[in-house]
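Structure below is run.tsv: TSV, C-alpha atoms and all ligand atoms.
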```tsv
chain	number	residue	atom	x	y	z
A	1	MET	CA	98.25	45.35	144.43
A	2	LEU	CA	95.39	46.09	142.06
A	3	GLU	CA	95.10	42.52	140.80
A	4	GLU	CA	94.72	41.11	144.31
A	5	LEU	CA	92.25	43.81	145.36
A	6	ASP	CA	90.15	43.25	142.27
A	7	LYS	CA	90.13	39.47	142.64
A	8	ASN	CA	89.25	39.62	146.32
A	9	TYR	CA	86.50	42.21	146.27
A	10	VAL	CA	85.00	42.56	142.77
A	11	LEU	CA	82.58	39.90	141.53
A	12	ASN	CA	84.13	37.72	138.91
A	13	THR	CA	82.26	38.61	135.70
A	14	TYR	CA	85.03	39.83	133.39
A	15	ALA	CA	88.14	38.15	131.95
A	16	ARG	CA	90.39	41.05	132.82
A	17	ASN	CA	93.81	42.31	131.84
A	18	TYR	CA	95.78	43.54	134.83
A	19	VAL	CA	97.14	46.97	134.07
A	20	ASN	CA	96.73	50.03	136.26
A	21	PHE	CA	95.83	52.97	134.03
A	22	LYS	CA	96.44	56.31	135.65
A	23	SER	CA	95.79	58.96	133.04
A	24	GLY	CA	94.90	59.54	129.45
A	25	LYS	CA	95.13	62.17	126.78
A	26	ASN	CA	92.83	61.85	123.78
A	27	ALA	CA	93.57	58.36	122.31
A	28	THR	CA	96.63	57.66	124.47
A	29	LEU	CA	96.57	56.03	127.92
A	30	PHE	CA	99.34	55.82	130.53
A	31	ASP	CA	99.74	53.16	133.23
A	32	ASP	CA	101.35	53.41	136.67
A	33	LYS	CA	104.75	52.62	135.15
A	34	ASP	CA	104.32	55.39	132.58
A	35	ASN	CA	103.96	52.98	129.68
A	36	SER	CA	101.83	54.43	126.89
A	37	TYR	CA	99.01	52.64	125.07
A	38	ILE	CA	97.26	53.82	121.92
A	39	ASP	CA	93.58	53.24	122.57
A	40	PHE	CA	91.79	51.72	119.57
A	41	THR	CA	88.87	50.71	121.83
A	42	SER	CA	87.73	54.02	123.36
A	43	GLY	CA	86.41	51.95	126.27
A	44	ILE	CA	84.21	49.99	123.83
A	45	GLY	CA	82.97	53.00	121.91
A	46	VAL	CA	82.36	55.22	124.94
A	47	VAL	CA	85.15	57.80	125.16
A	48	SER	CA	84.06	59.51	121.95
A	49	VAL	CA	85.92	62.79	122.54
A	50	GLY	CA	89.02	61.26	124.10
A	51	HIS	CA	90.46	60.62	127.54
A	52	GLY	CA	91.04	63.62	129.79
A	53	ASN	CA	89.02	65.94	127.54
A	54	LYS	CA	89.39	69.37	129.14
A	55	GLN	CA	86.18	70.89	127.79
A	56	VAL	CA	84.12	67.99	129.19
A	57	ALA	CA	86.10	67.90	132.46
A	58	ASP	CA	85.54	71.64	133.00
A	59	ALA	CA	81.82	71.31	132.33
A	60	ILE	CA	81.57	68.38	134.77
A	61	TYR	CA	83.49	70.31	137.42
A	62	GLU	CA	81.37	73.39	136.98
A	63	GLN	CA	78.12	71.40	137.10
A	64	ALA	CA	79.25	69.25	140.04
A	65	SER	CA	80.08	72.41	141.99
A	66	LYS	CA	76.44	73.54	141.66
A	67	ILE	CA	73.99	70.62	141.35
A	68	THR	CA	74.63	67.02	140.34
A	69	HIS	CA	71.17	65.60	140.94
A	70	ILE	CA	67.67	66.68	141.94
A	71	SER	CA	65.50	63.73	140.67
A	72	ASN	CA	63.05	63.74	137.78
A	73	LEU	CA	60.31	65.23	139.97
A	74	TYR	CA	61.53	68.59	138.70
A	75	ALA	CA	62.44	69.81	135.23
A	76	ILE	CA	66.17	69.69	134.49
A	77	GLU	CA	67.52	72.36	132.16
A	78	PRO	CA	70.55	70.52	130.70
A	79	GLN	CA	68.31	67.45	130.19
A	80	ALA	CA	65.81	69.47	128.17
A	81	LEU	CA	68.61	71.14	126.20
A	82	LEU	CA	70.21	67.76	125.49
A	83	ALA	CA	66.90	66.33	124.26
A	84	GLN	CA	66.56	69.35	121.97
A	85	LYS	CA	70.11	68.95	120.67
A	86	ILE	CA	69.56	65.23	119.97
A	87	ALA	CA	66.38	66.05	118.03
A	88	GLN	CA	68.18	68.77	116.01
A	89	LEU	CA	71.19	66.60	115.18
A	90	SER	CA	69.03	63.58	114.27
A	91	GLY	CA	66.87	65.62	111.89
A	92	LEU	CA	63.90	63.65	113.23
A	93	ASP	CA	60.70	64.80	114.92
A	94	ILE	CA	61.41	62.98	118.17
A	95	ALA	CA	61.30	63.20	121.95
A	96	THR	CA	63.78	61.49	124.29
A	97	PHE	CA	63.71	59.53	127.55
A	98	PHE	CA	67.01	59.36	129.42
A	99	ALA	CA	68.30	56.16	131.01
A	100	ASN	CA	71.73	55.14	132.32
A	101	SER	CA	72.98	52.47	129.95
A	102	GLY	CA	72.42	50.79	126.63
A	103	ALA	CA	70.50	47.86	128.07
A	104	GLU	CA	68.23	50.21	129.98
A	105	ALA	CA	67.62	52.30	126.87
A	106	ASN	CA	66.62	49.12	125.03
A	107	GLU	CA	64.30	48.14	127.89
A	108	GLY	CA	62.63	51.53	127.42
A	109	ALA	CA	62.34	50.91	123.69
A	110	ILE	CA	60.69	47.54	124.30
A	111	LYS	CA	58.27	49.12	126.78
A	112	ILE	CA	57.30	51.74	124.18
A	113	ALA	CA	56.72	48.96	121.64
A	114	ARG	CA	54.65	46.91	124.09
A	115	LYS	CA	52.45	49.87	125.00
A	116	TYR	CA	52.01	50.72	121.33
A	117	GLY	CA	51.04	47.09	120.67
A	118	GLN	CA	48.56	47.09	123.54
A	119	THR	CA	46.85	50.41	122.86
A	120	LYS	CA	46.84	50.96	119.08
A	121	PHE	CA	45.20	47.80	117.81
A	122	ALA	CA	42.06	45.76	118.43
A	123	ASN	CA	44.18	42.66	119.08
A	124	LYS	CA	47.17	42.84	121.41
A	125	LYS	CA	50.57	42.84	119.71
A	126	TYR	CA	53.72	42.22	121.72
A	127	LYS	CA	56.24	40.14	119.78
A	128	VAL	CA	59.61	41.63	118.90
A	129	ILE	CA	61.76	40.13	116.14
A	130	THR	CA	65.53	40.57	116.41
A	131	LEU	CA	68.46	39.16	114.44
A	132	GLU	CA	71.00	36.45	115.00
A	133	HIS	CA	74.41	37.79	116.06
A	134	SER	CA	72.74	40.86	117.55
A	135	PHE	CA	73.55	42.31	120.96
A	136	HIS	CA	71.03	44.32	122.95
A	137	GLY	CA	72.21	44.13	126.58
A	138	ARG	CA	72.51	42.06	129.75
A	139	THR	CA	69.25	42.56	131.61
A	140	ILE	CA	66.91	39.57	131.59
A	141	THR	CA	64.80	41.08	128.80
A	142	THR	CA	67.53	42.57	126.62
A	143	VAL	CA	69.65	39.45	126.89
A	144	ARG	CA	66.56	37.59	125.64
A	145	ALA	CA	66.33	40.07	122.76
A	146	THR	CA	69.99	39.33	121.96
A	147	GLY	CA	70.20	36.77	119.15
A	148	GLN	CA	73.14	34.76	120.46
A	149	ASP	CA	72.45	31.44	122.20
A	150	LYS	CA	75.59	31.65	124.31
A	151	PHE	CA	73.92	34.41	126.34
A	152	HIS	CA	70.75	32.41	127.09
A	153	SER	CA	72.09	30.30	129.93
A	154	VAL	CA	69.51	28.18	131.74
A	155	ASN	CA	71.02	29.61	134.94
A	156	PHE	CA	69.07	32.80	134.37
A	157	SER	CA	65.83	31.34	133.04
A	158	PRO	CA	62.91	31.76	132.71
A	159	TYR	CA	63.17	34.62	130.22
A	160	PRO	CA	60.26	36.82	129.11
A	161	ASP	CA	58.16	35.69	126.15
A	162	GLY	CA	57.79	37.44	122.87
A	163	PHE	CA	61.25	37.40	121.30
A	164	SER	CA	62.41	35.48	118.24
A	165	TYR	CA	65.45	35.71	115.99
A	166	ASN	CA	65.95	35.73	112.27
A	167	LYS	CA	69.12	34.85	110.40
A	168	GLN	CA	68.82	37.55	107.77
A	169	ILE	CA	66.86	40.69	107.08
A	170	ASN	CA	65.02	38.86	104.30
A	171	ASP	CA	63.70	36.24	106.73
A	172	ILE	CA	61.86	38.89	108.74
A	173	TYR	CA	59.08	39.23	106.15
A	174	ASN	CA	57.94	35.66	106.69
A	175	SER	CA	58.33	35.71	110.47
A	176	ILE	CA	55.90	38.54	111.07
A	177	ASP	CA	52.54	37.47	112.42
A	178	GLU	CA	49.40	39.11	113.83
A	179	GLU	CA	51.10	39.65	117.18
A	180	THR	CA	54.35	41.18	115.92
A	181	VAL	CA	54.73	44.72	117.20
A	182	ALA	CA	58.35	45.55	116.36
A	183	VAL	CA	61.58	44.62	114.66
A	184	MET	CA	64.72	45.57	116.55
A	185	LEU	CA	68.15	45.62	114.91
A	186	GLU	CA	71.58	47.22	114.75
A	187	LEU	CA	72.61	48.69	111.38
A	188	VAL	CA	76.15	47.48	112.02
A	189	GLN	CA	76.26	44.56	114.48
A	190	GLY	CA	78.88	45.73	116.97
A	191	GLU	CA	79.33	42.53	118.96
A	192	GLY	CA	78.34	40.26	116.08
A	193	GLY	CA	81.27	40.82	113.71
A	194	VAL	CA	81.10	44.56	112.74
A	195	GLN	CA	79.08	43.63	109.65
A	196	PRO	CA	77.02	46.50	108.17
A	197	PHE	CA	73.69	45.65	106.52
A	198	GLU	CA	73.02	46.80	102.95
A	199	LYS	CA	71.38	50.20	102.77
A	200	GLU	CA	68.82	49.04	100.17
A	201	GLU	CA	67.63	46.05	102.19
A	202	ILE	CA	67.25	48.20	105.31
A	203	GLN	CA	65.33	50.90	103.41
A	204	LYS	CA	63.06	48.26	101.90
A	205	LEU	CA	62.40	46.74	105.33
A	206	ALA	CA	61.76	50.16	106.91
A	207	LYS	CA	59.18	50.97	104.21
A	208	PHE	CA	57.47	47.60	104.56
A	209	LEU	CA	57.24	47.88	108.36
A	210	LYS	CA	55.78	51.39	108.14
A	211	GLU	CA	53.05	50.13	105.80
A	212	LYS	CA	52.24	47.29	108.19
A	213	GLU	CA	52.29	49.61	111.25
A	214	ILE	CA	55.04	47.53	112.82
A	215	LEU	CA	57.64	49.54	114.70
A	216	LEU	CA	61.28	49.68	113.64
A	217	ILE	CA	63.60	49.94	116.64
A	218	VAL	CA	67.20	50.70	115.72
A	219	ASP	CA	69.68	49.94	118.49
A	220	GLU	CA	72.31	52.62	117.97
A	221	VAL	CA	73.96	52.13	121.34
A	222	GLN	CA	77.22	51.46	119.49
A	223	THR	CA	76.61	52.99	116.02
A	224	GLY	CA	75.16	56.28	117.30
A	225	VAL	CA	76.81	59.61	118.05
A	226	TYR	CA	79.00	59.90	114.92
A	227	ARG	CA	80.57	56.44	115.16
A	228	THR	CA	79.69	55.71	111.50
A	229	GLY	CA	80.47	59.26	110.33
A	230	GLU	CA	76.94	60.70	110.76
A	231	PHE	CA	75.21	61.60	114.02
A	232	LEU	CA	73.11	58.44	113.65
A	233	ALA	CA	73.74	55.42	111.47
A	234	SER	CA	70.03	55.86	110.66
A	235	ASN	CA	70.98	59.19	109.04
A	236	LEU	CA	73.61	57.41	106.95
A	237	TYR	CA	71.05	54.76	105.92
A	238	GLU	CA	68.45	57.50	105.31
A	239	ILE	CA	65.73	55.83	107.34
A	240	GLU	CA	63.36	57.22	109.96
A	241	PRO	CA	62.92	54.54	112.62
A	242	ASP	CA	60.10	54.75	115.16
A	243	ILE	CA	62.52	54.24	118.05
A	244	ILE	CA	66.29	54.69	118.33
A	245	THR	CA	68.44	53.91	121.36
A	246	LEU	CA	71.75	55.55	122.23
A	247	ALA	CA	74.27	55.15	125.03
A	248	LYS	CA	77.99	54.40	124.71
A	249	GLY	CA	79.46	57.45	122.95
A	250	LEU	CA	76.75	59.87	124.08
A	251	GLY	CA	78.32	60.88	127.38
A	252	GLY	CA	81.99	60.57	126.47
A	253	GLY	CA	82.46	58.43	129.59
A	254	VAL	CA	79.65	59.42	131.94
A	255	PRO	CA	76.94	56.74	132.11
A	256	ILE	CA	73.97	57.81	130.00
A	257	GLY	CA	71.44	56.08	127.77
A	258	ALA	CA	68.64	57.52	125.67
A	259	VAL	CA	65.49	56.31	123.94
A	260	LEU	CA	64.38	58.52	121.05
A	261	THR	CA	60.94	58.08	119.53
A	262	THR	CA	58.70	59.72	116.97
A	263	HIS	CA	55.73	58.45	119.04
A	264	LYS	CA	55.96	61.41	121.35
A	265	ASP	CA	52.64	60.78	123.12
A	266	ILE	CA	53.13	57.10	123.87
A	267	PHE	CA	53.96	57.44	127.56
A	268	SER	CA	52.02	59.05	130.39
A	269	PRO	CA	53.42	59.88	133.83
A	270	GLY	CA	53.96	56.65	135.74
A	271	ASP	CA	54.63	54.47	132.68
A	272	HIS	CA	58.39	54.62	132.92
A	273	GLY	CA	61.09	56.31	134.94
A	274	SER	CA	64.58	56.33	136.37
A	275	THR	CA	66.07	57.85	139.49
A	276	PHE	CA	69.39	58.81	137.94
A	277	GLY	CA	68.29	59.04	134.30
A	278	GLY	CA	69.23	62.34	132.66
A	279	ASN	CA	70.47	64.03	135.82
A	280	PHE	CA	72.28	67.38	135.81
A	281	LEU	CA	75.75	65.87	135.82
A	282	VAL	CA	75.46	63.47	132.91
A	283	THR	CA	73.32	65.63	130.65
A	284	ARG	CA	75.62	68.63	131.17
A	285	ALA	CA	78.60	66.44	130.21
A	286	SER	CA	76.76	64.99	127.22
A	287	LEU	CA	75.81	68.47	125.96
A	288	GLU	CA	79.52	69.29	125.88
A	289	VAL	CA	80.33	66.03	124.05
A	290	LEU	CA	77.73	66.79	121.37
A	291	ASP	CA	78.95	70.38	121.05
A	292	ILE	CA	82.49	69.13	120.42
A	293	LEU	CA	81.45	66.44	117.95
A	294	ASP	CA	78.97	68.64	116.09
A	295	LYS	CA	81.77	71.13	115.36
A	296	TYR	CA	84.28	68.35	114.66
A	297	LYS	CA	81.93	66.95	112.00
A	298	ASP	CA	81.14	70.40	110.55
A	299	THR	CA	84.78	71.32	109.97
A	300	GLY	CA	85.36	68.08	108.04
A	301	ALA	CA	87.82	66.81	110.66
A	302	LEU	CA	85.77	63.69	111.46
A	303	ASP	CA	85.59	62.68	107.79
A	304	GLU	CA	89.35	63.24	107.48
A	305	ALA	CA	90.03	61.01	110.49
A	306	ILE	CA	87.79	58.30	108.99
A	307	ILE	CA	89.55	58.43	105.62
A	308	TYR	CA	92.99	58.34	107.20
A	309	PHE	CA	92.08	55.49	109.56
A	310	GLU	CA	90.60	53.55	106.65
A	311	SER	CA	93.79	53.93	104.59
A	312	LYS	CA	95.82	52.50	107.47
A	313	ILE	CA	93.44	49.55	107.85
A	314	SER	CA	93.66	48.82	104.13
A	315	ALA	CA	97.46	48.88	104.29
A	316	ILE	CA	97.64	46.41	107.17
A	317	PHE	CA	94.97	44.22	105.57
A	318	GLU	CA	97.00	44.01	102.37
A	319	LYS	CA	100.26	43.43	104.20
A	320	TYR	CA	98.98	40.26	105.95
A	321	PRO	CA	96.90	38.25	103.45
A	322	ASN	CA	97.66	35.06	105.39
A	323	ILE	CA	96.11	36.47	108.57
A	324	PHE	CA	93.15	38.57	107.44
A	325	SER	CA	90.34	37.37	105.19
A	326	SER	CA	88.24	40.54	104.86
A	327	LYS	CA	87.72	44.13	105.95
A	328	VAL	CA	84.38	45.12	107.46
A	329	GLY	CA	82.70	48.10	109.10
A	330	LEU	CA	81.92	51.75	108.59
A	331	GLY	CA	83.25	55.09	109.79
A	332	LEU	CA	85.33	54.58	112.92
A	333	MET	CA	83.70	51.21	113.63
A	334	ARG	CA	86.01	48.83	111.83
A	335	GLY	CA	86.88	45.18	111.74
A	336	LEU	CA	89.35	42.79	110.17
A	337	ARG	CA	88.24	39.18	109.91
A	338	VAL	CA	91.01	36.95	111.14
A	339	LYS	CA	91.38	33.45	109.67
A	340	ASP	CA	91.12	31.64	113.01
A	341	GLU	CA	90.29	32.36	116.62
A	342	GLU	CA	93.72	31.43	118.01
A	343	THR	CA	95.46	33.91	115.72
A	344	LEU	CA	93.02	36.64	116.80
A	345	ALA	CA	93.69	35.90	120.48
A	346	ALA	CA	97.43	36.14	119.78
A	347	ILE	CA	97.03	39.47	117.96
A	348	ILE	CA	95.05	40.94	120.86
A	349	LYS	CA	97.60	39.71	123.41
A	350	ASN	CA	100.62	40.90	121.43
A	351	SER	CA	98.96	44.26	120.79
A	352	PHE	CA	98.38	44.82	124.48
A	353	GLU	CA	102.01	43.96	125.24
A	354	ASN	CA	103.07	46.27	122.43
A	355	GLY	CA	101.06	49.24	123.73
A	356	VAL	CA	97.97	49.27	121.52
A	357	LEU	CA	94.50	48.33	122.76
A	358	VAL	CA	92.20	46.48	120.35
A	359	LEU	CA	88.94	44.51	120.67
A	360	LYS	CA	87.38	41.27	119.56
A	361	SER	CA	83.94	41.03	117.96
A	362	GLY	CA	82.00	37.84	117.25
A	363	ARG	CA	84.19	34.78	116.93
A	364	SER	CA	87.01	36.00	114.72
A	365	THR	CA	86.89	39.73	114.06
A	366	LEU	CA	89.57	42.12	115.22
A	367	ARG	CA	87.53	45.21	116.08
A	368	LEU	CA	88.80	48.80	116.16
A	369	LEU	CA	86.65	51.49	117.78
A	370	PRO	CA	89.02	54.43	118.19
A	371	VAL	CA	88.33	57.69	119.96
A	372	LEU	CA	86.53	59.82	117.33
A	373	THR	CA	88.93	62.72	117.89
A	374	ILE	CA	92.00	60.52	117.37
A	375	THR	CA	94.89	62.45	115.77
A	376	LYS	CA	96.89	61.46	112.70
A	377	GLU	CA	99.93	60.92	114.93
A	378	GLU	CA	98.01	58.62	117.24
A	379	ILE	CA	96.67	56.66	114.26
A	380	ASP	CA	100.21	56.31	112.85
A	381	GLU	CA	101.62	55.19	116.19
A	382	GLY	CA	98.76	52.78	116.85
A	383	PHE	CA	99.09	51.07	113.48
A	384	LYS	CA	102.87	50.89	113.86
A	385	ARG	CA	102.42	49.05	117.17
A	386	LEU	CA	99.68	46.84	115.72
A	387	ASP	CA	101.88	45.97	112.73
A	388	ASP	CA	104.72	45.02	115.12
A	389	ALA	CA	102.33	42.89	117.16
A	390	ILE	CA	101.09	41.04	114.06
A	391	SER	CA	104.58	40.56	112.64
A	392	LYS	CA	105.51	38.58	115.77
A	393	ILE	CA	102.92	35.89	115.03
B	401	LIG	C1	76.96	47.84	124.35
B	401	LIG	C2	75.67	47.60	123.68
B	401	LIG	C3	74.49	47.44	124.41
B	401	LIG	C4	74.47	47.37	125.92
B	401	LIG	O1	74.87	48.57	126.50
B	401	LIG	P1	75.19	48.62	128.10
B	401	LIG	O2	75.46	50.08	128.34
B	401	LIG	O3	76.34	47.74	128.33
B	401	LIG	O4	73.98	48.14	128.79
B	401	LIG	C5	73.31	47.30	123.72
B	401	LIG	N1	73.27	47.32	122.38
B	401	LIG	C6	74.39	47.48	121.64
B	401	LIG	C7	74.29	47.53	120.16
B	401	LIG	C8	75.63	47.61	122.26
B	401	LIG	O5	76.73	47.74	121.53
```

Let's see the structure in the file written out as structure tokens.
Amino acid sequence: MLEELDKNYVLNTYARNYVNFKSGKNATLFDDKDNSYIDFTSGIGVVSVGHGNKQVADAIYEQASKITHISNLYAIEPQALLAQKIAQLSGLDIATFFANSGAEANEGAIKIARKYGQTKFANKKYKVITLEHSFHGRTITTVRATGQDKFHSVNFSPYPDGFSYNKQINDIYNSIDEETVAVMLELVQGEGGVQPFEKEEIQKLAKFLKEKEILLIVDEVQTGVYRTGEFLASNLYEIEPDIITLAKGLGGGVPIGAVLTTHKDIFSPGDHGSTFGGNFLVTRASLEVLDILDKYKDTGALDEAIIYFESKISAIFEKYPNIFSSKVGLGLMRGLRVKDEETLAAIIKNSFENGVLVLKSGRSTLRLLPVLTITKEEIDEGFKRLDDAISKI
């Protein structure tokens, strides 16, 4: 049995649901008993173009039949093409380093900032300011960058120096000192309650940092790749950060991370690297994902899905004023604040039993991160099941 296998052989780091998924089609999953589930999680923002996507599967098959991996000692055509595509879609004058996850992309971003702080100024700068409720990853450094105390267990100490947290964007101005090299933030805090920052306050901060020659790192591991309706949330906010990180939705399910920077000359050979990063297999798959989503956006279909999804969220929000206190989020990154944690846990449990997968964010936000290519029918069915699940509370 899967549950027994998992408990006996896999290290115990996740509070898991025991279901044995066997196949998927776009935003619908099927388990071993042929039960269907509408997926409003997309594997936490990863499966951007849906489960079982044929165009991506064909590309992976074709690539895997030729070369999956050769190492970064040689140039890799799909990697170079993907870097070009990312630059084109971002509208920024950037170059990319490929990693394998969000945390690793953020590690790369911090290394860029540290080298910039070491080499561009007379006095060394190395401090990075992040925000409370942020999430930047699980490595020792990125967990330190994460502004949530619950992640800073003494079990894993000591942590690297040079990170501090601010409550609000406005507090950053007073926290900057002579040694501050960068500010790192998410434009919508994915794990911290799906709360978008105000465009004006972000633009004001971006301008201020540029004048002070302090780098702006935008962690778009969750917001990137059309999640907010534009290729980058930075595009939506009309800012040009020095460094942007991507991961989750970029590969549509293959593990890939990316660090994009306008400081194209910052690294020299030997400064940074990865064995797997940007290999043939993942970059070929990611090229296909971006091709699909680029067209999907161009035809207006993404905007239609966002508008339709939003109308369904508004309807359910208005139907249960005793359960929900507010609506938050952008694009297909949405949240409903639930009045207490126990009710949220009950909604998530009932939803799962009712065949719709949903997520939690922060302490009390019901988070919905659907497949970007979700159909109207899947949205209807998912909200019907969610409504049923809530009505049972
Ligand atoms: C998920 C996430 C990460 C970490 O990504 P991993 O691939 O799990 O390492 C970092 N930053 C943000 C904003 C995320 O949502």

With all atoms of ligand LIG 401 (chain B) from the file as input, state the centre and edge lengths in Å to one decimal of the axis-aligned box that has 3 Å extra on each side, as AutoDock Vina command-line options.
```
--center_x 75.1 --center_y 48.7 --center_z 124.5 --size_x 9.7 --size_y 8.8 --size_z 14.6
```

Enumerate, in order of chain and increasing residue number, the residues of chain A with an atom no farther than 10 Å from ligand LIG 401 (chain B), each with its shortest atom pair and distance in Å to one decimal, counting all atoms listed in the file, as a tab-separated table.
```
residue	atom	partner	partner_atom	distance
A:Ile44	CA	B:LIG401	C1	7.6
A:Gly45	CA	B:LIG401	O5	8.2
A:Val46	CA	B:LIG401	C1	9.2
A:Ala99	CA	B:LIG401	O2	9.8
A:Asn100	CA	B:LIG401	O2	7.4
A:Ser101	CA	B:LIG401	O2	3.8
A:Gly102	CA	B:LIG401	O1	3.3
A:Ala103	CA	B:LIG401	O4	3.6
A:Glu104	CA	B:LIG401	O4	6.2
A:Ala105	CA	B:LIG401	O4	7.8
A:Asn106	CA	B:LIG401	C5	7.1
A:Glu107	CA	B:LIG401	O4	9.7
A:Ser134	CA	B:LIG401	C7	7.3
A:Phe135	CA	B:LIG401	N1	5.2
A:His136	CA	B:LIG401	N1	3.8
A:Gly137	CA	B:LIG401	C4	4.0
A:Arg138	CA	B:LIG401	O4	6.3
A:Thr139	CA	B:LIG401	O4	7.8
A:Thr142	CA	B:LIG401	C5	8.0
A:Val143	CA	B:LIG401	C5	9.2
A:Thr146	CA	B:LIG401	N1	8.6
A:Leu185	CA	B:LIG401	C7	8.3
A:Glu186	CA	B:LIG401	C7	6.1
A:Leu187	CA	B:LIG401	C7	9.0
A:Val188	CA	B:LIG401	C7	8.3
A:Gln189	CA	B:LIG401	C7	6.7
A:Gly190	CA	B:LIG401	O5	5.4
A:Glu191	CA	B:LIG401	O5	6.4
A:Gly192	CA	B:LIG401	C7	9.3
A:Val218	CA	B:LIG401	C7	8.9
A:Asp219	CA	B:LIG401	C7	5.5
A:Glu220	CA	B:LIG401	C7	5.9
A:Val221	CA	B:LIG401	C6	4.7
A:Gln222	CA	B:LIG401	O5	4.3
A:Thr223	CA	B:LIG401	C7	7.2
A:Gly224	CA	B:LIG401	C7	9.2
A:Thr245	CA	B:LIG401	N1	8.2
A:Leu246	CA	B:LIG401	N1	8.4
A:Ala247	CA	B:LIG401	O2	6.2
A:Lys248	CA	B:LIG401	O2	6.2
A:Gly249	CA	B:LIG401	O2	10.0
A:Pro255	CA	B:LIG401	O2	7.8
A:Ile256	CA	B:LIG401	O2	8.0
A:Gly257	CA	B:LIG401	O2	7.2
```

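Proximity of A:Ile307, A:Asp265, A:Gln84, A:Arg367 to Thr119 of chain A, computed with all atoms listed in the file, is greatest for A:Asp265.
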
Q.
Which residues are close to Lys297 of chain A, i.e. within 10 Å by all atoms listed in the file, leaving aside same-chain residues fewer than 6 positions away? Reply as a ChimeraX atom specification.
A. /A:226,229-231,303-304

Would you mind exporting the chosen residues as a PDB file, in the frame of the given file, restricted to C-alpha atoms?
```
ATOM      1  CA  TYR A 226      79.000  59.900 114.920  1.00  0.00           C
ATOM      2  CA  GLY A 229      80.470  59.260 110.330  1.00  0.00           C
ATOM      3  CA  GLU A 230      76.940  60.700 110.760  1.00  0.00           C
ATOM      4  CA  PHE A 231      75.210  61.600 114.020  1.00  0.00           C
ATOM      5  CA  ASP A 303      85.590  62.680 107.790  1.00  0.00           C
ATOM      6  CA  GLU A 304      89.350  63.240 107.480  1.00  0.00           C
TER       7      GLU A 304
END
```

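Closest approach to Phe267 of chain A among A:Ile60, A:Leu287, A:Leu209, A:Ala95: A:Ala95, based on only C-alpha atoms.
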
Q) How many Å lie between atom CA of Ala75 of chain A and atom CA of Ile292 of chain A, rounded to one decimal? A) 24.9 Å

Q.
Measuring between all atoms listed in the file, which one of A:His272, A:Lys199, A:Lys327, A:Lys264 shows the shortest distance to Ile239 of chain A?
A. A:Lys199

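With all atoms listed in the file as the basis for measurement, A:Gln118 is the residue among A:Gln88, A:Asn155, A:Gln118, A:Gln168 that approaches Thr180 of chain A most closely.
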
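For the choices A:Gly329, A:Pro370, A:Gly193, A:Pro269, the atom-to-atom distance to Thr228 of chain A is smallest for A:Gly329 when using all atoms listed in the file.
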
Q: In the coordinate frame of the file, compute which residues have an atom within 7 Å of (73.9, 69.0, 118.1) when using all atoms listed in the file, and state them as a VMD selection string.
A: chain A and resid 85 to 86 88 to 89 290 to 291 294

Q | Proximity to Arg337 of chain A - best of A:Leu302, A:Glu353, A:Val194, A:Glu378, all atoms listed in the file | A | A:Val194

**Q.** Local residues around (85.7, 46.9, 115.5), at most 6 Å away, using all atoms listed in the file, as a PyMOL selection string
**A.** chain A and resi 194+333-335+367-369

Q. How many Å lie between atom CA of Thr275 of chain A and atom CA of Ala64 of chain A, rounded to one decimal?
A. 17.4 Å
